[in-house]
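Read through the structure below, which is laid out as structure tokens, and then see the notes.
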Amino acid sequence: MRQRPPQISASVLNADFGRLADAVRRAEVAGVDSIHLDVMDGHFVNNITMGPVAVEALRPHSALPYHSHLMISQPLRYSQAFVEAGSDLIAFHIEAEDDPGTVIDAIHATGREAGLAINPETPREAAHPYLERIELLLVMTVHPGWGGQAFMSEVLPKLAALRAEATRRGLDLPIGVDGGINLETIGAAHAAGGDVLVAGTALYRAPGDLRPVVDGLRAAASAGVGPEATAAR
């Protein structure tokens, strides 16, 4: 099964939090494919960011799909609130406290899509039981909790293995890559099997028009670079 073209998902975590609505609109005008909303609870990760109220406030500012990435300990408790706030897809961590299958079922019961995130240290096999049941597999290439971290190239073999497993099963499963995505790393991430590429710092550190940044990221992803080349740098 052929990999889909690269999609750019704009993470607003590193945008100006005083102007988040503007950040969302700038990303949409620039041609991104989705908006990535990082939700942190200060427990699952050592940071606190936004909740459902923020998602609800941002929802009117773009028609793009909103992906709420729940880096929280109890996704089952809060997933409904993020659905009601306007999220199109809820991604939660396999390492969280709740049973992943139960969370997936709860999200699907609302009519929204479910995503499963997996941390760098978590074996790829942990995600295998759920590949047929999700609409996005989100592979972390940094430790979750803070923006601006360096891309962990050692995760690329796991990413490639997960893409191969999805292909082996005949699944048309989007695989996201979250963490350290920039012009130097996005080619390797796409070449290894990632097609929903989350960009935050690389996007919002640019002033003004973001279209050249998005176009550059998309071109670099399409050009690709092998994971071995990146790991050797």
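Ligands are numbered from 1 in the order shown, chains are lettered A, B, ... in the order of the structure tokens, and residues start at 1 in each chain.
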### Query
Residues of stretch 76-146 of chain A in helix (DSSP H, G or I) according to DSSP, as an NGL selection string?
:A and (76-85 or 100-109 or 124-133)
Sorted per-residue table, stretch 10-34 of chain A near stretch 164-184 of chain A, closest atoms and distance, 12 Å, only C-alpha atoms, as JSON lines:
```
{"residue": "A:Ala10", "atom": "CA", "partner": "A:Asp178", "partner_atom": "CA", "distance": 10.5}
{"residue": "A:Ser11", "atom": "CA", "partner": "A:Asp178", "partner_atom": "CA", "distance": 9.1}
{"residue": "A:Leu13", "atom": "CA", "partner": "A:Gly179", "partner_atom": "CA", "distance": 11.3}
{"residue": "A:Asn14", "atom": "CA", "partner": "A:Gly179", "partner_atom": "CA", "distance": 11.8}
{"residue": "A:Ser34", "atom": "CA", "partner": "A:Gly176", "partner_atom": "CA", "distance": 11.6}
```
### Contacts of stretch 125-134 of chain A at 12 Å (only C-alpha atoms; same-chain gap of 2+ positions) as a ChimeraX atom specification
/A:89-95,99-108,112-123,136-139,158-159,161-175
### Query
Please, which residues of stretch 81-174 of chain A, numbered as in this document, come out strand (DSSP E or B) from DSSP, as a PyMOL selection string?
chain A and resi 89-93+113-118+136-140
### Query
Expressed in Å to a single decimal, how great is the separation between atom CA of A:Phe17 and atom CA of A:Val53?
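Atom CA of A:Val53 lies at a distance of 13.8 Å from atom CA of A:Phe17.
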### Query
Could you pull the residues within 6 Å of stretch 44-48 of chain A, counting only C-alpha atoms, minus those fewer than 2 positions along the same chain, as a list of chain:residue names?
A:Met40, A:Asp41, A:Gly42, A:Ile72, A:Ser73, A:Gly145
Write the residues of the preceding selection, restricted to all heavy atoms, as a PDB file, in the first residue's frame.
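And here is the file that came out, again-v2.pdb:
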```pdb
ATOM      1  N   MET A  40      -1.599  19.215  28.026  1.00  0.00           N
ATOM      2  CA  MET A  40      -0.731  18.643  29.055  1.00  0.00           C
ATOM      3  C   MET A  40      -1.320  18.951  30.429  1.00  0.00           C
ATOM      4  O   MET A  40      -1.835  20.052  30.664  1.00  0.00           O
ATOM      5  CB  MET A  40       0.679  19.213  28.935  1.00  0.00           C
ATOM      6  CG  MET A  40       1.282  19.067  27.546  1.00  0.00           C
ATOM      7  SD  MET A  40       2.960  19.744  27.468  1.00  0.00           S
ATOM      8  CE  MET A  40       3.208  19.777  25.688  1.00  0.00           C
ATOM      9  N   ASP A  41      -1.207  17.971  31.326  1.00  0.00           N
ATOM     10  CA  ASP A  41      -1.900  18.074  32.612  1.00  0.00           C
ATOM     11  C   ASP A  41      -0.994  18.304  33.814  1.00  0.00           C
ATOM     12  O   ASP A  41      -1.464  18.356  34.946  1.00  0.00           O
ATOM     13  CB  ASP A  41      -2.744  16.816  32.855  1.00  0.00           C
ATOM     14  CG  ASP A  41      -1.911  15.542  32.963  1.00  0.00           C
ATOM     15  OD1 ASP A  41      -0.679  15.609  32.817  1.00  0.00           O
ATOM     16  OD2 ASP A  41      -2.514  14.470  33.200  1.00  0.00           O
ATOM     17  N   GLY A  42       0.323  18.405  33.604  1.00  0.00           N
ATOM     18  CA  GLY A  42       1.223  18.578  34.727  1.00  0.00           C
ATOM     19  C   GLY A  42       1.444  17.312  35.537  1.00  0.00           C
ATOM     20  O   GLY A  42       2.144  17.344  36.555  1.00  0.00           O
ATOM     21  N   ILE A  72      -2.033  13.401  28.884  1.00  0.00           N
ATOM     22  CA  ILE A  72      -2.636  13.442  30.211  1.00  0.00           C
ATOM     23  C   ILE A  72      -2.779  12.023  30.744  1.00  0.00           C
ATOM     24  O   ILE A  72      -2.815  11.056  29.982  1.00  0.00           O
ATOM     25  CB  ILE A  72      -4.005  14.156  30.196  1.00  0.00           C
ATOM     26  CG1 ILE A  72      -5.032  13.382  29.374  1.00  0.00           C
ATOM     27  CG2 ILE A  72      -3.863  15.574  29.631  1.00  0.00           C
ATOM     28  CD1 ILE A  72      -6.428  13.996  29.390  1.00  0.00           C
ATOM     29  N   SER A  73      -2.879  11.903  32.062  1.00  0.00           N
ATOM     30  CA  SER A  73      -2.915  10.585  32.701  1.00  0.00           C
ATOM     31  C   SER A  73      -4.242   9.872  32.527  1.00  0.00           C
ATOM     32  O   SER A  73      -4.287   8.642  32.477  1.00  0.00           O
ATOM     33  CB  SER A  73      -2.607  10.726  34.203  1.00  0.00           C
ATOM     34  OG  SER A  73      -1.301  11.202  34.410  1.00  0.00           O
ATOM     35  N   GLY A 145       6.125  16.784  26.421  1.00  0.00           N
ATOM     36  CA  GLY A 145       6.042  17.732  27.514  1.00  0.00           C
ATOM     37  C   GLY A 145       6.512  19.133  27.183  1.00  0.00           C
ATOM     38  O   GLY A 145       6.011  20.097  27.752  1.00  0.00           O
TER      39      GLY A 145
END
```
What's the 6 Å shell around stretch 74-85 of chain A, counting only C-alpha atoms, without same-chain residues fewer than 3 positions away, as a PDB file with N, CA and C atoms, in the first residue's frame?
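Result file is around_11.pdb:
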```
ATOM      1  N   PRO A  52     -10.045  22.056  27.371  1.00  0.00           N
ATOM      2  CA  PRO A  52     -11.136  22.126  26.398  1.00  0.00           C
ATOM      3  C   PRO A  52     -11.611  23.544  26.108  1.00  0.00           C
ATOM      4  N   VAL A  55      -9.551  24.951  23.308  1.00  0.00           N
ATOM      5  CA  VAL A  55      -9.911  24.338  22.026  1.00  0.00           C
ATOM      6  C   VAL A  55     -11.217  24.930  21.508  1.00  0.00           C
ATOM      7  N   GLU A  56     -12.179  25.070  22.404  1.00  0.00           N
ATOM      8  CA  GLU A  56     -13.477  25.642  22.014  1.00  0.00           C
ATOM      9  C   GLU A  56     -13.316  27.077  21.508  1.00  0.00           C
ATOM     10  N   GLU A  97      -2.956   6.020  32.027  1.00  0.00           N
ATOM     11  CA  GLU A  97      -3.492   5.092  33.019  1.00  0.00           C
ATOM     12  C   GLU A  97      -4.641   4.227  32.490  1.00  0.00           C
ATOM     13  N   VAL A 103     -10.601   3.572  25.815  1.00  0.00           N
ATOM     14  CA  VAL A 103     -10.557   4.971  25.379  1.00  0.00           C
ATOM     15  C   VAL A 103     -10.921   5.085  23.902  1.00  0.00           C
TER      16      VAL A 103
END
```
### Query
Nearest to A:Ala189: which of A:Val214, A:Met140, A:Leu20, A:Leu37 is it, counting only C-alpha atoms?
A:Met140
### Task
Compile the contact shell of A:Gly187 as an MDAnalysis selection string: residues with an atom at most 7 Å away, counting only C-alpha atoms, same-chain residues fewer than 5 positions apart removed.
chainID A and resid 220:225
Serialized selection, all heavy atoms, as a JSON list (two decimals), in the first residue's frame:
```
[["chain", "number", "residue", "atom", "x", "y", "z"],
["A", 220, "ALA", "N", 10.77, 19.30, 1.44],
["A", 220, "ALA", "CA", 11.84, 18.53, 2.07],
["A", 220, "ALA", "C", 11.35, 17.14, 2.45],
["A", 220, "ALA", "O", 12.09, 16.15, 2.35],
["A", 220, "ALA", "CB", 12.34, 19.27, 3.31],
["A", 221, "ALA", "N", 10.09, 17.05, 2.89],
["A", 221, "ALA", "CA", 9.53, 15.74, 3.21],
["A", 221, "ALA", "C", 9.44, 14.88, 1.97],
["A", 221, "ALA", "O", 9.81, 13.69, 1.98],
["A", 221, "ALA", "CB", 8.15, 15.90, 3.85],
["A", 222, "SER", "N", 8.96, 15.45, 0.88],
["A", 222, "SER", "CA", 8.80, 14.69, -0.36],
["A", 222, "SER", "C", 10.14, 14.25, -0.92],
["A", 222, "SER", "O", 10.27, 13.17, -1.49],
["A", 222, "SER", "CB", 8.05, 15.53, -1.39],
["A", 222, "SER", "OG", 6.73, 15.83, -0.95],
["A", 223, "ALA", "N", 11.15, 15.09, -0.76],
["A", 223, "ALA", "CA", 12.48, 14.74, -1.25],
["A", 223, "ALA", "C", 13.04, 13.56, -0.47],
["A", 223, "ALA", "O", 13.69, 12.68, -1.03],
["A", 223, "ALA", "CB", 13.42, 15.94, -1.14],
["A", 224, "GLY", "N", 12.77, 13.54, 0.83],
["A", 224, "GLY", "CA", 13.14, 12.41, 1.67],
["A", 224, "GLY", "C", 14.64, 12.28, 1.88],
["A", 224, "GLY", "O", 15.46, 12.79, 1.13],
["A", 225, "VAL", "N", 14.97, 11.59, 2.94],
["A", 225, "VAL", "CA", 16.35, 11.22, 3.21],
["A", 225, "VAL", "C", 16.26, 9.98, 4.08],
["A", 225, "VAL", "O", 15.37, 9.85, 4.92],
["A", 225, "VAL", "CB", 17.11, 12.36, 3.91],
["A", 225, "VAL", "CG1", 17.03, 12.28, 5.40],
["A", 225, "VAL", "CG2", 18.55, 12.42, 3.48]]
```
